[in-house]
file protein_25.txt (compact mmCIF, C-alpha atoms)
# COMPACT_ATOMS: atom_id res chain seq x y z
CA MET A 1 -136.67 -86.88 55.15
CA ARG A 2 -139.04 -86.52 58.05
CA GLY A 3 -140.16 -83.05 57.09
CA LEU A 4 -141.23 -84.17 53.60
CA LYS A 5 -143.75 -86.82 54.58
CA LYS A 6 -147.15 -86.80 56.17
CA ALA A 7 -148.27 -88.67 59.23
CA PRO A 8 -150.94 -91.40 59.12
CA PRO A 9 -154.54 -90.11 59.30
CA ARG A 10 -155.33 -88.91 62.81
CA PRO A 11 -158.38 -90.24 64.66
CA VAL A 12 -161.42 -87.96 64.68
CA LEU A 13 -163.83 -90.04 66.59
CA ILE A 14 -163.67 -89.50 70.35
CA THR A 15 -163.18 -86.63 72.73
CA GLY A 16 -159.82 -86.17 74.40
CA GLY A 17 -159.20 -87.53 77.87
CA THR A 18 -162.36 -89.62 77.84
CA VAL A 19 -161.16 -93.06 76.81
CA THR A 20 -162.78 -94.80 79.76
CA ALA A 21 -166.04 -92.98 79.14
CA LEU A 22 -166.14 -94.03 75.50
CA ALA A 23 -166.96 -97.63 76.27
CA ALA A 24 -170.09 -96.50 78.10
CA ALA A 25 -171.00 -94.00 75.41
CA ALA A 26 -170.48 -96.51 72.62
CA GLY A 27 -173.92 -97.94 73.26
CA LEU A 28 -175.49 -94.68 72.19
CA LEU A 29 -173.50 -94.72 68.95
CA LEU A 30 -174.39 -98.32 68.21
CA ALA A 31 -178.12 -97.88 68.58
CA GLY A 32 -178.73 -96.69 65.10
CA CYS A 33 -175.85 -99.35 62.72
CA ASP A 34 -173.33 -103.18 59.23
CA ALA A 35 -170.88 -102.92 58.62
CA GLY A 36 -156.56 -110.68 56.42
CA SER A 37 -153.46 -113.10 56.71
CA GLU A 38 -153.41 -116.78 56.28
CA GLY A 39 -156.61 -118.13 54.78
CA VAL A 40 -158.44 -114.98 55.80
CA ARG A 41 -161.87 -113.98 54.59
CA LYS A 42 -163.63 -110.82 55.67
CA GLU A 43 -167.32 -110.07 55.38
CA GLY A 44 -169.49 -107.04 55.92
CA THR A 45 -170.56 -103.95 54.03
CA ALA A 46 -168.12 -101.16 53.24
CA GLN A 47 -167.37 -98.89 56.19
CA THR A 48 -165.94 -95.41 56.57
CA GLN A 49 -162.43 -95.44 58.04
CA SER A 50 -162.43 -95.59 61.83
CA ALA A 51 -159.88 -94.41 64.35
CA ALA A 52 -158.97 -97.91 65.45
CA LYS A 53 -159.45 -99.67 62.13
CA PRO A 54 -156.01 -99.91 60.48
CA THR A 55 -155.51 -99.34 56.77
CA ARG A 56 -153.23 -102.27 56.01
CA MET A 57 -153.07 -104.55 53.02
CA PRO A 58 -153.74 -108.28 53.64
CA SER A 59 -150.61 -110.39 53.89
CA ALA A 60 -149.34 -112.23 50.84
CA SER A 61 -150.56 -115.51 52.31
CA ALA A 62 -154.22 -114.48 52.19
CA THR A 63 -156.49 -116.87 50.30
CA ALA A 64 -159.74 -115.01 49.96
CA ASP A 65 -161.30 -117.69 47.78
CA ARG A 66 -160.95 -120.46 50.35
CA PRO A 67 -164.37 -121.89 51.26
CA HIS A 68 -165.54 -121.50 54.83
CA GLU A 69 -168.62 -122.06 56.90
CA LYS A 70 -170.44 -118.75 57.19
CA ILE A 71 -171.81 -118.08 60.66
CA ASP A 72 -174.49 -115.78 62.02
CA ALA A 73 -172.28 -113.26 63.83
CA VAL A 74 -175.21 -111.42 65.40
CA LYS A 75 -176.53 -114.64 66.90
CA LEU A 76 -173.03 -115.55 68.05
CA ILE A 77 -172.70 -112.27 69.94
CA LYS A 78 -176.22 -112.33 71.36
CA ASN A 79 -175.81 -115.90 72.69
CA ASP A 80 -172.32 -115.37 74.15
CA PRO A 81 -172.52 -115.53 77.98
CA LYS A 82 -169.17 -113.73 78.29
CA ILE A 83 -170.51 -110.54 76.68
CA GLY A 84 -172.40 -108.10 78.86
CA SER A 85 -176.12 -107.53 78.47
CA GLN A 86 -175.64 -103.84 77.62
CA VAL A 87 -173.43 -104.65 74.63
CA LYS A 88 -176.03 -107.09 73.36
CA LYS A 89 -178.82 -104.60 73.90
CA ASP A 90 -176.94 -101.86 72.03
CA LEU A 91 -176.14 -104.09 69.06
CA LYS A 92 -178.85 -103.04 66.62
CA PRO A 93 -179.02 -102.78 62.83
CA CYS A 94 -178.04 -99.49 61.21
CA LEU A 95 -180.29 -100.01 58.22
CA LYS A 96 -182.92 -102.72 58.04
CA ASN A 97 -181.05 -105.95 58.81
CA GLN A 98 -177.55 -104.54 58.38
CA TYR A 99 -175.56 -104.78 61.61
CA PRO A 100 -172.33 -102.88 62.38
CA LEU A 101 -170.07 -105.94 62.35
CA ASP A 102 -166.84 -106.86 60.59
CA VAL A 103 -166.47 -110.64 60.49
CA ILE A 104 -163.06 -112.14 59.67
CA TYR A 105 -162.42 -115.86 59.06
CA GLY A 106 -158.98 -117.43 59.26
CA LYS A 107 -156.51 -119.62 61.14
CA LEU A 108 -155.50 -118.37 64.59
CA THR A 109 -155.71 -121.47 66.79
CA ASP A 110 -155.04 -125.16 66.21
CA GLY A 111 -158.66 -125.98 65.39
CA SER A 112 -159.72 -127.94 62.33
CA ARG A 113 -162.02 -125.13 61.16
CA ASP A 114 -161.47 -121.43 60.66
CA ASP A 115 -161.48 -119.19 63.69
CA ILE A 116 -163.69 -116.12 63.63
CA ILE A 117 -163.03 -112.52 64.64
CA VAL A 118 -166.07 -110.31 65.19
CA ASN A 119 -165.48 -106.56 65.45
CA ILE A 120 -168.44 -104.53 66.71
CA LEU A 121 -168.46 -101.03 65.21
CA THR A 122 -170.54 -97.89 65.52
CA CYS A 123 -172.82 -96.72 62.75
CA GLY A 124 -171.53 -94.11 60.35
CA ASP A 125 -168.11 -93.52 61.92
CA SER A 126 -167.27 -97.23 62.27
CA VAL A 127 -165.52 -96.87 65.62
CA GLY A 128 -164.47 -100.26 66.92
CA VAL A 129 -166.10 -100.72 70.33
CA GLY A 130 -165.40 -104.41 70.86
CA SER A 131 -163.44 -107.31 69.35
CA TYR A 132 -164.06 -111.01 69.94
CA VAL A 133 -162.32 -114.19 68.77
CA TYR A 134 -164.26 -117.45 68.47
CA ARG A 135 -162.76 -120.91 68.17
CA ALA A 136 -164.67 -123.85 66.71
CA LYS A 137 -165.38 -126.73 69.10
CA SER A 138 -165.67 -130.40 68.22
CA ASP A 139 -169.45 -130.30 68.57
CA GLY A 140 -169.76 -127.61 65.90
CA SER A 141 -170.35 -124.70 68.29
CA TYR A 142 -167.98 -121.79 68.91
CA GLU A 143 -166.36 -120.60 72.12
CA ASN A 144 -165.14 -117.12 72.97
CA VAL A 145 -161.36 -117.39 73.51
CA PHE A 146 -160.46 -113.69 73.40
CA MET A 147 -162.27 -110.39 73.89
CA ILE A 148 -161.41 -106.72 74.32
CA GLU A 149 -163.93 -103.93 74.83
CA GLN A 150 -161.68 -100.90 75.34
CA ALA A 151 -162.75 -98.63 72.50
CA PRO A 152 -161.61 -97.60 70.00
CA VAL A 153 -160.24 -101.02 69.08
CA TYR A 154 -160.02 -103.27 66.03
CA SER A 155 -158.68 -106.83 65.63
CA GLU A 156 -157.51 -108.71 62.56
CA ILE A 157 -155.40 -111.69 61.49
CA ASP A 158 -151.74 -111.28 60.61
CA ARG A 159 -150.68 -114.63 59.22
CA ARG A 160 -151.54 -116.87 62.20
CA ASP A 161 -151.29 -114.15 64.83
CA LEU A 162 -153.98 -111.94 66.27
CA ARG A 163 -153.24 -108.24 65.81
CA VAL A 164 -155.14 -105.71 67.92
CA THR A 165 -154.95 -101.99 67.14
CA LYS A 166 -155.97 -99.49 69.79
CA GLN A 167 -155.91 -95.69 69.68
CA VAL A 168 -154.46 -93.95 72.73
CA TYR A 169 -155.91 -90.65 73.97
CA GLY A 170 -154.35 -88.51 76.65
CA PRO A 171 -155.58 -85.55 78.71
CA GLY A 172 -156.15 -82.53 76.51
CA ASP A 173 -156.23 -84.45 73.22
CA ALA A 174 -158.53 -82.83 70.69
CA VAL A 175 -161.35 -84.76 69.07
CA CYS A 176 -159.34 -85.02 65.86
CA CYS A 177 -156.07 -86.20 67.27
CA ALA A 178 -155.08 -89.10 69.51
CA SER A 179 -151.75 -89.07 71.33
CA GLY A 180 -150.75 -92.32 69.72
CA GLU A 181 -151.53 -95.91 68.85
CA ASP A 182 -150.83 -99.31 70.37
CA VAL A 183 -150.58 -102.43 68.21
CA MET A 184 -150.55 -105.67 70.20
CA THR A 185 -149.69 -109.07 68.75
CA TYR A 186 -151.03 -112.28 70.30
CA HIS A 187 -150.21 -115.92 69.51
CA TRP A 188 -152.23 -119.00 70.41
CA SER A 189 -150.42 -121.06 73.06
CA GLY A 190 -152.63 -124.13 72.77
CA THR A 191 -155.07 -123.02 75.45
CA GLU A 192 -155.15 -119.22 75.20
CA PHE A 193 -153.79 -116.17 73.42
CA ARG A 194 -150.60 -114.72 74.85
CA GLU A 195 -149.13 -111.35 73.98
CA THR A 196 -145.89 -111.72 72.02
CA GLY A 197 -145.20 -108.15 71.01
CA ARG A 198 -146.36 -104.58 71.32
CA THR A 199 -145.58 -101.49 69.27
CA HIS A 200 -146.47 -98.00 70.45
CA THR A 201 -146.51 -94.97 68.19
CA ASP A 202 -146.44 -91.47 69.69
CA TYR A 203 -147.85 -88.98 67.22
CA SER A 204 -145.89 -85.76 66.91
CA LYS A 205 -147.52 -82.69 68.43
CA VAL A 206 -145.47 -80.34 66.27
CA GLY A 207 -147.72 -78.47 63.86
CA ASN A 208 -150.72 -80.44 65.08
CA THR A 209 -152.99 -80.03 62.09
CA ASP A 210 -154.99 -82.43 59.99
CA LYS A 211 -151.85 -83.01 57.91
CA GLY A 212 -149.48 -83.49 60.84
CA ASP A 213 -145.88 -84.66 60.82
CA LEU A 214 -144.27 -88.05 60.94
CA PRO A 215 -144.85 -89.95 64.18
CA SER A 216 -142.00 -91.02 66.43
CA VAL A 217 -142.07 -94.76 67.00
CA GLY A 218 -141.02 -96.82 70.01
CA THR A 219 -141.20 -100.59 70.44
CA GLU A 220 -141.89 -102.45 73.65
CA GLY A 221 -141.69 -106.09 74.58

call {"tool": "encode", "arguments": {"input": "protein_25.txt", "output": "structure tokens"}}
result
Amino acid sequence: MRGLKKAPPRPVLITGGTVTALAAAAGLLLAGCDAGSEGVRKEGTAQTQSAAKPTRMPSASATADRPHEKIDAVKLIKNDPKIGSQVKKDLKPCLKNQYPLDVIYGKLTDGSRDDIIVNILTCGDSVGVGSYVYRAKSDGSYENVFMIEQAPVYSEIDRRDLRVTKQVYGPGDAVCCASGEDVMTYHWSGTEFRETGRTHTDYSKVGNTDKGDLPSVGTEG
């Protein structure tokens, strides 16, 4: 039935063959932008669909009404010594005090409080340019226990695992169409996140239009 179905929406957010350059260019896109899973809560204003931001339904174990301690994600990013000065400088509000951030609360580590995922996006297109996971410490502060800044990227919680989605662009890829997508799964080992699985999807190049065909899927790891 492959010929009767459509492929997932293709990315339309970066130029082909310039994945490494996107991270540097992301600062220009940011300078104008605010933007589940076990016990997951997600905050932030509605965003347009991004290349790296998956369109998945929360898992059946999500409990969106569970109370949590709301944190100042902008302050968390700005005060994080692990994040480069350029990223902090480029993180500016899109409109008034609305910052391009998706903040997700849920259980990823063995801490007594919810862990926090902060996805930094671009304004308008909502391209994920950086993802960070923060774990609560006993003194009430948060520590950065995971980060990835290879855009376009987006992280979320899948039950108690960290799921990172990353678009893959190859030489000659058009602006509209990535070559494929990597989805990496990480599990907390007690001291760090370790990759436990990886799925790669190669998008079909046959009839490469906005509608596209079904992708061919391969699994690694």

call {"tool": "closest_residue", "arguments": {"input": "protein_25.txt", "among": "A:Arg160, A:Lys88, A:His187, A:Arg113", "to": "Ser141 in chain A", "atoms": "all atoms listed in the file"}}
result
A:Arg113

call {"tool": "atom_distance", "arguments": {"input": "protein_25.txt", "atom1": "CA of Arg194 in chain A", "atom2": "CA of Val164 in chain A"}}
result
12.2 Å

call {"tool": "closest_residue", "arguments": {"input": "protein_25.txt", "among": "A:Asp114, A:Lys205, A:Val153, A:Asp125", "to": "Asp173 in chain A", "atoms": "all atoms listed in the file"}}
result
A:Lys205

call {"tool": "atom_distance", "arguments": {"input": "protein_25.txt", "atom1": "CA of Ser112 in chain A", "atom2": "CA of Ile148 in chain A"}}
result
24.4 Å

call {"tool": "atom_distance", "arguments": {"input": "protein_25.txt", "atom1": "CA of Gln167 in chain A", "atom2": "CA of Lys82 in chain A"}}
result
24.0 Å

call {"tool": "residues_around", "arguments": {"input": "protein_25.txt", "residues": "Tyr186 in chain A", "least_positions_apart": "6", "cutoff": "10 Å", "atoms": "all atoms listed in the file", "output": "list of chain:residue names"}}
result
A:Leu108, A:Ile157, A:Asp158, A:Arg160, A:Asp161, A:Leu162, A:Arg163, A:Val164, A:Glu192, A:Phe193, A:Arg194, A:Glu195, A:Thr196, A:Gly197, A:Arg198

call {"tool": "residues_around", "arguments": {"input": "protein_25.txt", "residues": "Met147 in chain A", "least_positions_apart": "6", "cutoff": "8 Å", "atoms": "only C-alpha atoms", "output": "PDB file with C-alpha atoms, in the coordinates of the input"}}
result
ATOM      1  CA  GLY A 130    -165.400-104.410  70.860  1.00  0.00           C
ATOM      2  CA  SER A 131    -163.440-107.310  69.350  1.00  0.00           C
ATOM      3  CA  TYR A 132    -164.060-111.010  69.940  1.00  0.00           C
ATOM      4  CA  VAL A 133    -162.320-114.190  68.770  1.00  0.00           C
TER       5      VAL A 133
END

call {"tool": "residues_around", "arguments": {"input": "protein_25.txt", "residues": "Ser179 in chain A", "least_positions_apart": "5", "cutoff": "6 Å", "atoms": "only C-alpha atoms", "output": "short mmCIF file (atom, residue, chain, number, x, y, z; two decimals) with C-alpha atoms, in the coordinates of the input"}}
result
data_model
loop_
_atom_site.label_atom_id
_atom_site.label_comp_id
_atom_site.auth_asym_id
_atom_site.auth_seq_id
_atom_site.Cartn_x
_atom_site.Cartn_y
_atom_site.Cartn_z
CA VAL A 168 -154.46 -93.95 72.73
CA TYR A 169 -155.91 -90.65 73.97
CA GLY A 170 -154.35 -88.51 76.65
CA TYR A 203 -147.85 -88.98 67.22
#

call {"tool": "closest_residue", "arguments": {"input": "protein_25.txt", "among": "A:Lys96, A:Lys89, A:Lys75, A:Lys70", "to": "Ile116 in chain A", "atoms": "only C-alpha atoms"}}
result
A:Lys70

call {"tool": "closest_residue", "arguments": {"input": "protein_25.txt", "among": "A:Tyr134, A:Tyr99, A:Tyr105, A:Tyr142", "to": "Glu156 in chain A", "atoms": "only C-alpha atoms"}}
result
A:Tyr105

call {"tool": "closest_residue", "arguments": {"input": "protein_25.txt", "among": "A:Thr122, A:Thr165, A:Thr199, A:Asn144", "to": "Lys92 in chain A", "atoms": "all atoms listed in the file"}}
result
A:Thr122

call {"tool": "closest_residue", "arguments": {"input": "protein_25.txt", "among": "A:Pro152, A:Lys166, A:Val103, A:Asn79", "to": "Ile117 in chain A", "atoms": "only C-alpha atoms"}}
result
A:Val103
